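As provided, work.cif (mmCIF, C-alpha atoms) reads as follows.
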```cif
data_target
loop_
_atom_site.group_PDB
_atom_site.id
_atom_site.type_symbol
_atom_site.label_atom_id
_atom_site.label_comp_id
_atom_site.auth_asym_id
_atom_site.auth_seq_id
_atom_site.Cartn_x
_atom_site.Cartn_y
_atom_site.Cartn_z
ATOM 1 C CA MET O 1 8.859 -33.670 4.453
ATOM 2 C CA LEU O 2 6.095 -31.173 3.764
ATOM 3 C CA ASP O 3 5.777 -29.781 0.244
ATOM 4 C CA VAL O 4 6.560 -26.050 0.156
ATOM 5 C CA ARG O 5 4.157 -25.354 -2.721
ATOM 6 C CA ARG O 6 1.332 -26.917 -0.729
ATOM 7 C CA LEU O 7 2.318 -24.914 2.337
ATOM 8 C CA ARG O 8 1.992 -21.776 0.218
ATOM 9 C CA LEU O 9 -1.535 -22.809 -0.764
ATOM 10 C CA LEU O 10 -2.452 -23.362 2.881
ATOM 11 C CA ARG O 11 -0.993 -19.965 3.791
ATOM 12 C CA ASP O 12 -3.025 -18.321 1.044
ATOM 13 C CA LEU O 13 -6.206 -20.102 2.123
ATOM 14 C CA ALA O 14 -5.741 -18.565 5.572
ATOM 15 C CA ARG O 15 -5.266 -15.168 3.935
ATOM 16 C CA LEU O 16 -7.906 -15.267 1.195
ATOM 17 C CA GLY O 17 -10.566 -17.308 2.932
ATOM 18 C CA THR O 18 -11.845 -19.539 0.130
ATOM 19 C CA ILE O 19 -10.476 -22.245 -2.121
ATOM 20 C CA ALA O 20 -11.914 -20.380 -5.119
ATOM 21 C CA ALA O 21 -9.903 -17.272 -4.223
ATOM 22 C CA VAL O 22 -6.719 -19.328 -3.791
ATOM 23 C CA ALA O 23 -7.325 -20.980 -7.159
ATOM 24 C CA GLU O 24 -7.754 -17.603 -8.842
ATOM 25 C CA ALA O 25 -4.592 -16.220 -7.236
ATOM 26 C CA HIS O 26 -2.535 -19.181 -8.472
ATOM 27 C CA THR O 27 -4.367 -19.710 -11.797
ATOM 28 C CA TYR O 28 -5.335 -23.215 -10.692
ATOM 29 C CA THR O 29 -8.755 -24.837 -10.710
ATOM 30 C CA PRO O 30 -10.529 -25.092 -7.349
ATOM 31 C CA SER O 31 -10.391 -28.861 -7.724
ATOM 32 C CA ALA O 32 -6.602 -28.771 -8.110
ATOM 33 C CA VAL O 33 -6.231 -26.617 -5.001
ATOM 34 C CA SER O 34 -8.462 -28.975 -3.005
ATOM 35 C CA GLN O 35 -6.402 -31.953 -4.142
ATOM 36 C CA GLN O 36 -3.126 -30.279 -3.154
ATOM 37 C CA LEU O 37 -4.468 -29.299 0.268
ATOM 38 C CA ALA O 38 -5.751 -32.832 0.801
ATOM 39 C CA ALA O 39 -2.283 -34.167 -0.078
ATOM 40 C CA LEU O 40 -0.718 -31.732 2.416
ATOM 41 C CA GLN O 41 -3.089 -32.975 5.103
ATOM 42 C CA ARG O 42 -2.062 -36.558 4.377
ATOM 43 C CA GLU O 43 1.598 -35.545 4.610
ATOM 44 C CA ALA O 44 0.949 -33.859 7.942
ATOM 45 C CA GLY O 45 -0.952 -36.842 9.353
ATOM 46 C CA VAL O 46 -3.357 -34.586 11.257
ATOM 47 C CA ALA O 47 -6.431 -32.563 10.353
ATOM 48 C CA LEU O 48 -5.526 -29.158 8.922
ATOM 49 C CA LEU O 49 -8.913 -28.282 7.444
ATOM 50 C CA GLU O 50 -12.518 -28.610 8.517
ATOM 51 C CA ARG O 51 -15.887 -27.863 7.015
ATOM 52 C CA ALA O 52 -17.878 -24.882 8.249
ATOM 53 C CA GLY O 53 -21.089 -25.004 6.247
ATOM 54 C CA ARG O 54 -20.105 -24.617 2.612
ATOM 55 C CA ARG O 55 -16.667 -23.222 3.455
ATOM 56 C CA VAL O 56 -13.407 -24.851 4.408
ATOM 57 C CA THR O 57 -11.608 -23.379 7.413
ATOM 58 C CA LEU O 58 -8.335 -24.131 9.140
ATOM 59 C CA THR O 59 -8.121 -26.141 12.339
ATOM 60 C CA PRO O 60 -5.941 -24.803 15.178
ATOM 61 C CA THR O 61 -3.189 -27.119 13.910
ATOM 62 C CA GLY O 62 -3.657 -25.735 10.396
ATOM 63 C CA GLU O 63 -3.348 -22.175 11.707
ATOM 64 C CA ALA O 64 -0.178 -23.117 13.578
ATOM 65 C CA LEU O 65 1.243 -24.662 10.414
ATOM 66 C CA VAL O 66 0.520 -21.424 8.528
ATOM 67 C CA ARG O 67 2.695 -19.541 11.023
ATOM 68 C CA HIS O 68 5.499 -22.030 10.390
ATOM 69 C CA ALA O 69 4.907 -21.682 6.634
ATOM 70 C CA GLU O 70 5.545 -17.929 6.868
ATOM 71 C CA VAL O 71 8.916 -18.671 8.482
ATOM 72 C CA VAL O 72 9.755 -21.281 5.838
ATOM 73 C CA LEU O 73 8.850 -18.986 2.942
ATOM 74 C CA ALA O 74 10.883 -16.130 4.440
ATOM 75 C CA ALA O 75 13.847 -18.484 4.810
ATOM 76 C CA LEU O 76 13.565 -19.441 1.150
ATOM 77 C CA GLU O 77 13.556 -15.750 0.198
ATOM 78 C CA ALA O 78 16.699 -15.261 2.293
ATOM 79 C CA ALA O 79 18.331 -18.289 0.658
ATOM 80 C CA ASP O 80 17.555 -16.876 -2.779
ATOM 81 C CA ALA O 81 19.079 -13.555 -1.683
ATOM 82 C CA THR O 82 22.249 -15.319 -0.543
ATOM 83 C CA LEU O 83 22.595 -17.156 -3.852
ATOM 84 C CA ALA O 84 22.006 -13.973 -5.843
ATOM 85 C CA ALA O 85 24.735 -12.221 -3.864
ATOM 86 C CA ALA O 86 27.108 -15.137 -4.459
ATOM 87 C CA ARG O 87 26.529 -15.003 -8.219
ATOM 88 C CA GLY O 88 27.718 -11.394 -8.224
ATOM 89 C CA GLY O 89 26.566 -8.535 -10.400
ATOM 90 C CA LEU O 90 23.150 -6.949 -10.505
ATOM 91 C CA SER O 91 20.912 -8.214 -13.276
ATOM 92 C CA GLY O 92 17.426 -9.540 -13.887
ATOM 93 C CA THR O 93 13.930 -8.158 -13.624
ATOM 94 C CA VAL O 94 12.802 -6.107 -10.632
ATOM 95 C CA ARG O 95 9.082 -5.349 -10.420
ATOM 96 C CA ILE O 96 8.369 -2.170 -8.490
ATOM 97 C CA GLY O 97 4.954 -0.945 -7.375
ATOM 98 C CA ALA O 98 4.006 2.517 -6.164
ATOM 99 C CA TYR O 99 1.053 4.831 -5.672
ATOM 100 C CA PRO O 100 0.672 7.609 -8.276
ATOM 101 C CA SER O 101 2.129 10.609 -6.425
ATOM 102 C CA ALA O 102 5.176 8.554 -5.406
ATOM 103 C CA VAL O 103 5.753 7.446 -9.002
ATOM 104 C CA ARG O 104 6.068 11.071 -10.074
ATOM 105 C CA THR O 105 8.125 12.397 -7.189
ATOM 106 C CA VAL O 106 10.171 9.631 -5.541
ATOM 107 C CA LEU O 107 10.267 6.642 -7.874
ATOM 108 C CA ALA O 108 11.098 8.403 -11.160
ATOM 109 C CA PRO O 109 14.470 9.840 -10.010
ATOM 110 C CA ALA O 110 15.282 6.530 -8.292
ATOM 111 C CA LEU O 111 14.752 4.744 -11.620
ATOM 112 C CA VAL O 112 17.186 7.138 -13.285
ATOM 113 C CA ALA O 113 19.834 6.384 -10.642
ATOM 114 C CA LEU O 114 19.257 2.630 -10.843
ATOM 115 C CA ALA O 115 19.503 2.629 -14.634
ATOM 116 C CA ARG O 116 22.750 4.592 -14.442
ATOM 117 C CA ASP O 117 24.393 2.543 -11.679
ATOM 118 C CA HIS O 118 22.994 -0.911 -12.528
ATOM 119 C CA PRO O 119 22.235 -0.996 -16.258
ATOM 120 C CA ALA O 120 21.722 -4.786 -16.284
ATOM 121 C CA LEU O 121 18.633 -4.473 -14.086
ATOM 122 C CA ASP O 122 15.338 -4.674 -15.970
ATOM 123 C CA LEU O 123 13.052 -2.342 -14.018
ATOM 124 C CA MET O 124 9.282 -2.715 -14.402
ATOM 125 C CA VAL O 125 6.868 -0.310 -12.673
ATOM 126 C CA THR O 126 3.228 -0.863 -11.750
ATOM 127 C CA GLU O 127 1.034 1.915 -10.386
ATOM 128 C CA LEU O 128 -1.440 0.652 -7.783
ATOM 129 C CA ASP O 129 -3.390 1.606 -4.686
ATOM 130 C CA PRO O 130 -1.749 0.743 -1.356
ATOM 131 C CA VAL O 131 -4.555 -1.674 -0.479
ATOM 132 C CA ALA O 132 -3.362 -3.901 -3.352
ATOM 133 C CA VAL O 133 0.327 -3.909 -2.370
ATOM 134 C CA PRO O 134 0.438 -6.798 0.158
ATOM 135 C CA ASP O 135 -1.226 -9.291 -2.187
ATOM 136 C CA ALA O 136 0.964 -8.192 -5.110
ATOM 137 C CA LEU O 137 4.128 -8.751 -3.064
ATOM 138 C CA ARG O 138 2.955 -12.068 -1.632
ATOM 139 C CA ASP O 139 1.943 -13.334 -5.082
ATOM 140 C CA ARG O 140 5.349 -12.283 -6.485
ATOM 141 C CA ARG O 141 3.790 -9.857 -8.944
ATOM 142 C CA LEU O 142 5.992 -7.232 -7.262
ATOM 143 C CA ASP O 143 9.430 -7.415 -5.663
ATOM 144 C CA VAL O 144 9.550 -3.957 -4.081
ATOM 145 C CA ALA O 145 6.753 -1.476 -3.422
ATOM 146 C CA LEU O 146 6.215 2.000 -2.068
ATOM 147 C CA ASP O 147 3.390 1.517 0.386
ATOM 148 C CA HIS O 148 1.770 4.025 2.703
ATOM 149 C CA ASP O 149 -0.712 4.516 5.481
ATOM 150 C CA TYR O 150 -1.898 7.448 7.591
ATOM 151 C CA ASP O 151 -1.349 7.999 11.277
ATOM 152 C CA ILE O 152 -5.128 8.163 11.777
ATOM 153 C CA VAL O 153 -5.672 4.929 9.789
ATOM 154 C CA PRO O 154 -2.616 2.746 10.513
ATOM 155 C CA LEU O 155 -2.290 -0.544 8.660
ATOM 156 C CA ASP O 156 -1.740 -3.846 10.446
ATOM 157 C CA SER O 157 1.653 -5.451 9.970
ATOM 158 C CA ASP O 158 1.793 -8.350 7.505
ATOM 159 C CA PRO O 159 3.702 -11.454 8.643
ATOM 160 C CA ALA O 160 4.904 -12.124 5.082
ATOM 161 C CA LEU O 161 6.373 -8.668 4.510
ATOM 162 C CA ASP O 162 9.159 -6.455 5.788
ATOM 163 C CA SER O 163 9.467 -2.728 5.278
ATOM 164 C CA THR O 164 11.708 0.232 5.960
ATOM 165 C CA PRO O 165 10.381 3.764 6.612
ATOM 166 C CA LEU O 166 10.963 6.242 3.801
ATOM 167 C CA LEU O 167 9.250 9.550 4.568
ATOM 168 C CA GLU O 168 6.374 11.302 6.282
ATOM 169 C CA GLU O 169 4.409 14.155 4.808
ATOM 170 C CA THR O 170 1.767 16.628 5.802
ATOM 171 C CA VAL O 171 -1.830 16.211 4.663
ATOM 172 C CA PHE O 172 -3.567 19.414 3.576
ATOM 173 C CA LEU O 173 -7.177 20.462 3.568
ATOM 174 C CA ALA O 174 -7.794 21.843 0.072
ATOM 175 C CA LEU O 175 -10.614 24.358 -0.274
ATOM 176 C CA PRO O 176 -11.700 26.952 -2.843
ATOM 177 C CA ILE O 177 -9.962 30.270 -2.322
ATOM 178 C CA GLU O 178 -13.291 32.085 -2.136
ATOM 179 C CA MET O 179 -14.772 29.814 0.561
ATOM 180 C CA GLU O 180 -15.448 31.739 3.739
ATOM 181 C CA CYS O 181 -14.655 29.774 6.889
ATOM 182 C CA ASP O 182 -13.008 30.381 10.245
ATOM 183 C CA LEU O 183 -9.695 28.498 10.254
ATOM 184 C CA ARG O 184 -8.500 29.732 13.636
ATOM 185 C CA GLY O 185 -9.592 26.551 15.402
ATOM 186 C CA ASP O 186 -9.816 23.064 13.917
ATOM 187 C CA PRO O 187 -9.740 23.487 10.103
ATOM 188 C CA MET O 188 -11.698 20.255 9.643
ATOM 189 C CA HIS O 189 -14.499 21.416 11.906
ATOM 190 C CA SER O 190 -14.696 24.694 9.963
ATOM 191 C CA VAL O 191 -15.706 22.825 6.772
ATOM 192 C CA ARG O 192 -18.219 20.457 8.386
ATOM 193 C CA ASP O 193 -21.016 21.882 6.200
ATOM 194 C CA ALA O 194 -19.035 21.787 2.946
ATOM 195 C CA GLU O 195 -19.445 19.272 0.151
ATOM 196 C CA TRP O 196 -16.563 16.825 -0.176
ATOM 197 C CA ILE O 197 -14.420 15.260 -2.890
ATOM 198 C CA VAL O 198 -13.048 11.876 -1.801
ATOM 199 C CA GLY O 199 -11.454 8.784 -3.335
ATOM 200 C CA SER O 200 -13.423 5.844 -4.639
ATOM 201 C CA GLN O 201 -14.948 3.519 -2.091
ATOM 202 C CA GLY O 202 -12.511 0.777 -1.125
ATOM 203 C CA THR O 203 -9.405 2.944 -1.516
ATOM 204 C CA LEU O 204 -7.269 4.032 1.409
ATOM 205 C CA CYS O 205 -7.831 7.707 0.534
ATOM 206 C CA HIS O 206 -11.594 7.196 0.818
ATOM 207 C CA SER O 207 -11.214 5.619 4.270
ATOM 208 C CA VAL O 208 -8.880 8.381 5.470
ATOM 209 C CA ALA O 209 -11.199 11.196 4.377
ATOM 210 C CA LEU O 210 -14.197 9.661 6.104
ATOM 211 C CA HIS O 211 -12.264 8.895 9.274
ATOM 212 C CA ALA O 212 -10.760 12.393 9.423
ATOM 213 C CA CYS O 213 -14.252 13.848 9.243
ATOM 214 C CA GLU O 214 -15.518 11.459 11.922
ATOM 215 C CA LEU O 215 -12.670 12.512 14.212
ATOM 216 C CA ALA O 216 -13.765 16.124 13.683
ATOM 217 C CA GLY O 217 -17.295 15.188 14.728
ATOM 218 C CA PHE O 218 -19.223 15.055 11.464
ATOM 219 C CA ARG O 219 -20.058 12.829 8.519
ATOM 220 C CA PRO O 220 -19.041 14.388 5.183
ATOM 221 C CA ARG O 221 -21.516 15.137 2.420
ATOM 222 C CA VAL O 222 -19.682 13.487 -0.492
ATOM 223 C CA ARG O 223 -20.405 15.092 -3.860
ATOM 224 C CA HIS O 224 -17.578 13.802 -6.066
ATOM 225 C CA HIS O 225 -15.205 10.837 -6.160
ATOM 226 C CA ALA O 226 -11.714 11.350 -7.593
ATOM 227 C CA ASP O 227 -8.723 9.039 -7.193
ATOM 228 C CA ASP O 228 -6.301 11.375 -8.962
ATOM 229 C CA PHE O 229 -5.254 14.248 -6.708
ATOM 230 C CA THR O 230 -4.712 16.532 -9.695
ATOM 231 C CA ALA O 231 -8.347 15.990 -10.644
ATOM 232 C CA MET O 232 -9.390 16.563 -7.040
ATOM 233 C CA LEU O 233 -7.531 19.884 -6.906
ATOM 234 C CA ALA O 234 -9.129 20.933 -10.202
ATOM 235 C CA LEU O 235 -12.564 20.198 -8.754
ATOM 236 C CA VAL O 236 -11.711 22.181 -5.630
ATOM 237 C CA ALA O 237 -10.561 25.113 -7.791
ATOM 238 C CA ALA O 238 -13.876 24.920 -9.628
ATOM 239 C CA GLY O 239 -15.731 25.371 -6.339
ATOM 240 C CA GLN O 240 -17.035 21.810 -6.290
ATOM 241 C CA GLY O 241 -16.086 21.026 -2.712
ATOM 242 C CA VAL O 242 -13.153 20.396 -0.376
ATOM 243 C CA GLY O 243 -10.770 17.448 -0.045
ATOM 244 C CA LEU O 244 -7.654 16.086 1.606
ATOM 245 C CA VAL O 245 -4.395 16.135 -0.353
ATOM 246 C CA PRO O 246 -1.002 14.822 0.858
ATOM 247 C CA GLN O 247 2.079 16.911 0.243
ATOM 248 C CA LEU O 248 3.658 14.784 -2.502
ATOM 249 C CA ALA O 249 0.466 15.095 -4.529
ATOM 250 C CA VAL O 250 0.227 18.883 -4.336
ATOM 251 C CA GLY O 251 2.700 19.756 -7.107
ATOM 252 C CA GLN O 252 1.746 23.168 -8.433
ATOM 253 C CA PRO O 253 -1.789 23.660 -7.098
ATOM 254 C CA PRO O 254 -4.334 25.689 -9.086
ATOM 255 C CA THR O 255 -4.332 29.369 -8.175
ATOM 256 C CA ARG O 256 -7.886 29.212 -6.854
ATOM 257 C CA VAL O 257 -7.074 26.585 -4.210
ATOM 258 C CA ARG O 258 -6.126 27.265 -0.609
ATOM 259 C CA LEU O 259 -4.140 24.581 1.210
ATOM 260 C CA VAL O 260 -4.332 24.388 4.990
ATOM 261 C CA PRO O 261 -1.911 22.016 6.789
ATOM 262 C CA LEU O 262 -3.509 19.492 9.126
ATOM 263 C CA ALA O 263 -2.056 17.398 11.927
ATOM 264 C CA ILE O 264 -2.623 14.261 9.808
ATOM 265 C CA ARG O 265 0.471 12.560 8.419
ATOM 266 C CA ARG O 266 0.883 10.187 5.493
ATOM 267 C CA ARG O 267 3.696 7.675 6.062
ATOM 268 C CA THR O 268 5.478 5.952 3.191
ATOM 269 C CA ARG O 269 7.466 2.728 3.540
ATOM 270 C CA ILE O 270 9.510 0.576 1.160
ATOM 271 C CA ALA O 271 7.965 -2.892 1.365
ATOM 272 C CA TYR O 272 9.286 -6.268 0.207
ATOM 273 C CA ARG O 273 8.860 -9.935 1.062
ATOM 274 C CA LYS O 274 10.286 -11.032 4.395
ATOM 275 C CA GLY O 275 13.764 -12.448 3.827
ATOM 276 C CA ALA O 276 14.301 -10.588 0.535
ATOM 277 C CA GLY O 277 15.858 -7.435 1.956
ATOM 278 C CA ASP O 278 19.413 -8.692 1.377
ATOM 279 C CA HIS O 279 18.798 -9.638 -2.247
ATOM 280 C CA PRO O 280 21.238 -7.417 -4.190
ATOM 281 C CA ALA O 281 18.578 -6.095 -6.586
ATOM 282 C CA VAL O 282 16.099 -5.390 -3.780
ATOM 283 C CA ALA O 283 18.813 -3.753 -1.671
ATOM 284 C CA ALA O 284 19.830 -1.550 -4.621
ATOM 285 C CA CYS O 285 16.215 -0.412 -5.053
ATOM 286 C CA ILE O 286 15.898 0.335 -1.344
ATOM 287 C CA ALA O 287 19.108 2.403 -1.397
ATOM 288 C CA ALA O 288 18.026 4.394 -4.460
ATOM 289 C CA LEU O 289 14.566 5.055 -3.044
ATOM 290 C CA ARG O 290 15.933 6.154 0.313
ATOM 291 C CA HIS O 291 18.300 8.568 -1.439
ATOM 292 C CA THR O 292 15.500 10.205 -3.441
ATOM 293 C CA GLY O 293 13.170 10.060 -0.433
ATOM 294 C CA ARG O 294 15.565 12.304 1.472
ATOM 295 C CA ASP O 295 15.116 14.924 -1.242
ATOM 296 C CA HIS O 296 11.420 15.039 -0.389
ATOM 297 C CA GLY O 297 11.801 15.692 3.308
ATOM 298 C CA ASP O 298 8.871 17.310 4.994
ATOM 299 C CA GLU O 299 8.272 21.018 4.220
ATOM 300 C CA GLN O 300 5.201 21.399 6.374
ATOM 301 C CA ASP O 301 4.515 25.080 5.840
ATOM 302 C CA ARG O 302 5.454 25.315 2.164
ATOM 303 C CA TYR O 303 1.892 25.582 0.863
ATOM 304 C CA ALA O 304 0.165 26.997 3.943
ATOM 305 C CA GLY O 305 -2.061 29.925 3.226
ATOM 306 C CA LEU O 306 -2.203 29.512 -0.566
#
```
Can I see the file as C-alpha cells?
Amino acid sequence: MLDVRRLRLLRDLARLGTIAAVAEAHTYTPSAVSQQLAALQREAGVALLERAGRRVTLTPTGEALVRHAEVVLAALEAADATLAAARGGLSGTVRIGAYPSAVRTVLAPALVALARDHPALDLMVTELDPVAVPDALRDRRLDVALDHDYDIVPLDSDPALDSTPLLEETVFLALPIEMECDLRGDPMHSVRDAEWIVGSQGTLCHSVALHACELAGFRPRVRHHADDFTAMLALVAAGQGVGLVPQLAVGQPPTRVRLVPLAIRRRTRIAYRKGAGDHPAVAACIAALRHTGRDHGDEQDRYAGL
C-alpha cells in the first residue's frame, strides 16, 4: 500500500518543480524529502523519478501516479467531510483567504452572519493576492478562499481545487477628471499616450493591465505601481496617470476621478480543496459568502461618467 504522505510529496514535486521547494513547503529538509520519495519509489516497484541534469523530474509513470494522488487526496477530503457531518454541530477553525476589496465588501458581512449563526466556528482571515491562493489551499494554510480572474486573463483550472462562481463585476478605466480624451470609441485606445498606474510585477492586476493595453494595440508607459486600489485612485485624482479599477474596489472615488466602464469583467469564485465542499464548516462559509455576494450584484453603470 502506498503511503499517502509520500504521495503528497510526489504531487508537490510535480507542482513546485524542485525538491528544495517541496522541502520548504513542508518545513522538511531536502534530504528528508529525497528519502521519502525514494521510499515511495521502492513501494511502487517502478521508476517514478529521473535525473535531468541537476534536477529531478517525474517519469511518465510518476506523472500518472500524481494524477491518481489527486484523486486519493480528494477522497480523503471527502471522507473528512463525511466524518465532520456525522459528528454534528459546527465548530473548529476555518481559515479564509480573500483579496483586499473582497475582504471589505463581501467577506466582512459574511463573517458577521457566520459568527451569529455558528458561534462555535473560529474564523481566521488572511488577505492575499489571487496568485497565492492555490498554493495556500493545497498546503492547508487556507480552507476557503475568494479567488478571482479576469475574462481577458483566465486562470487554468487546478486539479486539486473545486470552486463555485460568486459574482462578476465591471472593470473601470480611472482617469483624472481634467484629462482631455475622446471616449466615443474604445476608451482604452483613447488613453494610449497616458502614463499608467499598475499593480506590482507578479500580481494578477499587473498582468491584466498590461494585457488590456496590448489588446488595445499599445504598450503602457508605467509611471507608478500601486497594489491598493484606494492608493491608485488617489494617484489618479492627483493627475499622476490612469489605471484599471474593478467595481468592488471603487467605493467612494475621489471627486477628481472619472470612471469609464470597460467590457472587461473580473470574476470571483469561492475556492476550496476538491472533496471538501460537503464539509459542514466549508459549506456554511460558501452559503454565507453566496448570500452576501448577491448583495453585490453587478451595477454596471453606477459610476459611469463620474
If you take only C-alpha atoms and a cut-off of 12 Å, which residues of range 180-215 of chain O touch range 97-118 of chain O, and what are their nearest atom pairs and distances in Å to one decimal, in chain and number order, as JSON lines?
```
{"residue": "O:Thr203", "atom": "CA", "partner": "O:Tyr99", "partner_atom": "CA", "distance": 11.4}
{"residue": "O:Leu204", "atom": "CA", "partner": "O:Tyr99", "partner_atom": "CA", "distance": 11.0}
{"residue": "O:Cys205", "atom": "CA", "partner": "O:Tyr99", "partner_atom": "CA", "distance": 11.2}
```
Print the selection's residues with C-alpha atoms to a file, as a compact mmCIF listing (two decimals), in the frame of the given file.
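Heads up, here's the output in result-v9.txt:
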```txt
# COMPACT_ATOMS: atom_id res chain seq x y z
CA THR O 203 -9.40 2.94 -1.52
CA LEU O 204 -7.27 4.03 1.41
CA CYS O 205 -7.83 7.71 0.53
```
task = Would you kindly translate the PyMOL selection byres ((chain O and resi 151-161) around 9) into the concrete residues it picks from this file, as an NGL selection string?
result = :O and (67 or 70-71 or 73-74 or 134 or 137-138 or 148-150 or 162-163 or 204 or 207-208 or 211-212 or 264-267 or 271-275)
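Among O:Ala287, O:Leu7, O:Ala78, O:Leu248, the residue with the shortest atom-to-atom distance to Glu168 in chain O, counting all atoms listed in the file, is O:Leu248.
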query = Neighbours of Leu13 in chain O within 9 Å (all atoms listed in the file; same-chain residues fewer than 3 positions away dropped), as a PyMOL selection string?
reply = chain O and resi 8-10+16-19+21-22+56-58
task = Output the residue selection produced by the PyMOL selection byres ((chain O and resi 181) around 8) on the file above, formatted as a list in words.
result = Met179, Glu180, Asp182, Leu183, Ser190 and Val191 of chain O
ask   = Can you list what the PyMOL selection byres ((chain O and resi 89) around 10) grabs from this structure, as a list of chain:residue names?
value =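 So the PyMOL selection byres ((chain O and resi 89) around 10) ends up selecting O:Ala84, O:Ala85, O:Ala86, O:Arg87, O:Gly88, O:Leu90, O:Ser91, O:Gly92, O:His118, O:Ala120, O:Leu121, O:Pro280, O:Ala281.
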Atoms to include: C-alpha atoms. Write the selected residues as a PDB file, in the frame of the given file.
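This went into selection.pdb:
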```pdb
ATOM      1  CA  ALA O  84      22.006 -13.973  -5.843  1.00  0.00           C
ATOM      2  CA  ALA O  85      24.735 -12.221  -3.864  1.00  0.00           C
ATOM      3  CA  ALA O  86      27.108 -15.137  -4.459  1.00  0.00           C
ATOM      4  CA  ARG O  87      26.529 -15.003  -8.219  1.00  0.00           C
ATOM      5  CA  GLY O  88      27.718 -11.394  -8.224  1.00  0.00           C
ATOM      6  CA  LEU O  90      23.150  -6.949 -10.505  1.00  0.00           C
ATOM      7  CA  SER O  91      20.912  -8.214 -13.276  1.00  0.00           C
ATOM      8  CA  GLY O  92      17.426  -9.540 -13.887  1.00  0.00           C
ATOM      9  CA  HIS O 118      22.994  -0.911 -12.528  1.00  0.00           C
ATOM     10  CA  ALA O 120      21.722  -4.786 -16.284  1.00  0.00           C
ATOM     11  CA  LEU O 121      18.633  -4.473 -14.086  1.00  0.00           C
ATOM     12  CA  PRO O 280      21.238  -7.417  -4.190  1.00  0.00           C
ATOM     13  CA  ALA O 281      18.578  -6.095  -6.586  1.00  0.00           C
TER      14      ALA O 281
END
```
ask   = Which residues, written as a list in words, have at least one atom at most 7 Å from Ile197 in chain O, with only C-alpha atoms counted and residues fewer than 3 positions away on the same chain left out?
value = Val222, Arg223, His224, His225, Ala226, Met232, Gly241, Val242 and Gly243 of chain O
Got time to write the residues from that selection, C-alpha atoms, as a PDB file, keeping the file's coordinate frame?
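Resulting contents of out24.pdb:
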```pdb
ATOM      1  CA  VAL O 222     -19.682  13.487  -0.492  1.00  0.00           C
ATOM      2  CA  ARG O 223     -20.405  15.092  -3.860  1.00  0.00           C
ATOM      3  CA  HIS O 224     -17.578  13.802  -6.066  1.00  0.00           C
ATOM      4  CA  HIS O 225     -15.205  10.837  -6.160  1.00  0.00           C
ATOM      5  CA  ALA O 226     -11.714  11.350  -7.593  1.00  0.00           C
ATOM      6  CA  MET O 232      -9.390  16.563  -7.040  1.00  0.00           C
ATOM      7  CA  GLY O 241     -16.086  21.026  -2.712  1.00  0.00           C
ATOM      8  CA  VAL O 242     -13.153  20.396  -0.376  1.00  0.00           C
ATOM      9  CA  GLY O 243     -10.770  17.448  -0.045  1.00  0.00           C
TER      10      GLY O 243
END
```
ask   = Which value, in Å to one decimal, gives the distance between CA of Pro261 in chain O and CA of Pro176 in chain O?
value = 14.6 Å
inquiry  = Between CA of Val245 in chain O and CA of Ala263 in chain O, what is the distance in Å, rounded to a tenth?
reply    =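 CA of Ala263 in chain O lies 12.6 Å from CA of Val245 in chain O.
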Atom pair CA of Cys285 in chain O / CA of Leu146 in chain O: separation (Å) = 10.7 Å
key: Selected residue, from O:Ala276, O:Ala20, O:Leu76, O:Leu259, that lies nearest to Leu244 in chain O when counting all atoms listed in the file   = O:Leu259
key: O:Ala174, O:Leu289, O:Leu142, O:Cys213 ranked by distance to Thr126 in chain O, top pick (using only C-alpha atoms)   =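 Nearest candidate to Thr126 in chain O out of O:Ala174, O:Leu289, O:Leu142, O:Cys213: O:Leu142.
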ask   = So, counting all atoms listed in the file, which residue among O:Pro254, O:Arg294, O:Arg140, O:Thr230 is closest to Glu77 in chain O?
value =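 Of the candidates, the smallest distance to Glu77 in chain O is held by O:Arg140.
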query = Could you name the residues that touch Phe229 in chain O at 8 Å or less, counting all atoms listed in the file, but leaving out those on the same chain fewer than 4 positions away, as a list in words?
reply =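 Residues near the query, excluding close chain neighbours: Leu233, Val245, Ala249 and Val250 of chain O.
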key: Among listed residues O:Ala81, O:Arg6, O:Asp193, O:His26, nearest Ala38 in chain O (using all atoms listed in the file)   = O:Arg6
Test item: which residues lie within 12 Å of (-9.8, -26.1, 6.8) counting only C-alpha atoms, as a compact mmCIF listing (two decimals) with C-alpha atoms, in the frame of the given file:
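File written: out06.txt
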```txt
# COMPACT_ATOMS: atom_id res chain seq x y z
CA LEU O 9 -1.54 -22.81 -0.76
CA LEU O 10 -2.45 -23.36 2.88
CA ARG O 11 -0.99 -19.96 3.79
CA ASP O 12 -3.02 -18.32 1.04
CA LEU O 13 -6.21 -20.10 2.12
CA ALA O 14 -5.74 -18.57 5.57
CA GLY O 17 -10.57 -17.31 2.93
CA THR O 18 -11.84 -19.54 0.13
CA ILE O 19 -10.48 -22.24 -2.12
CA SER O 34 -8.46 -28.98 -3.00
CA LEU O 37 -4.47 -29.30 0.27
CA ALA O 38 -5.75 -32.83 0.80
CA LEU O 40 -0.72 -31.73 2.42
CA GLN O 41 -3.09 -32.98 5.10
CA VAL O 46 -3.36 -34.59 11.26
CA ALA O 47 -6.43 -32.56 10.35
CA LEU O 48 -5.53 -29.16 8.92
CA LEU O 49 -8.91 -28.28 7.44
CA GLU O 50 -12.52 -28.61 8.52
CA ARG O 51 -15.89 -27.86 7.02
CA ALA O 52 -17.88 -24.88 8.25
CA GLY O 53 -21.09 -25.00 6.25
CA ARG O 54 -20.10 -24.62 2.61
CA ARG O 55 -16.67 -23.22 3.46
CA VAL O 56 -13.41 -24.85 4.41
CA THR O 57 -11.61 -23.38 7.41
CA LEU O 58 -8.34 -24.13 9.14
CA THR O 59 -8.12 -26.14 12.34
CA PRO O 60 -5.94 -24.80 15.18
CA THR O 61 -3.19 -27.12 13.91
CA GLY O 62 -3.66 -25.74 10.40
CA GLU O 63 -3.35 -22.18 11.71
CA LEU O 65 1.24 -24.66 10.41
CA VAL O 66 0.52 -21.42 8.53
```
task = Pull the neighbourhood of (8.6, 2.6, 1.5) for me: all residues within 7 Å in file coordinates, counting all atoms listed in the file, as a ChimeraX atom specification.
result = /O:145-147,163-166,268-271
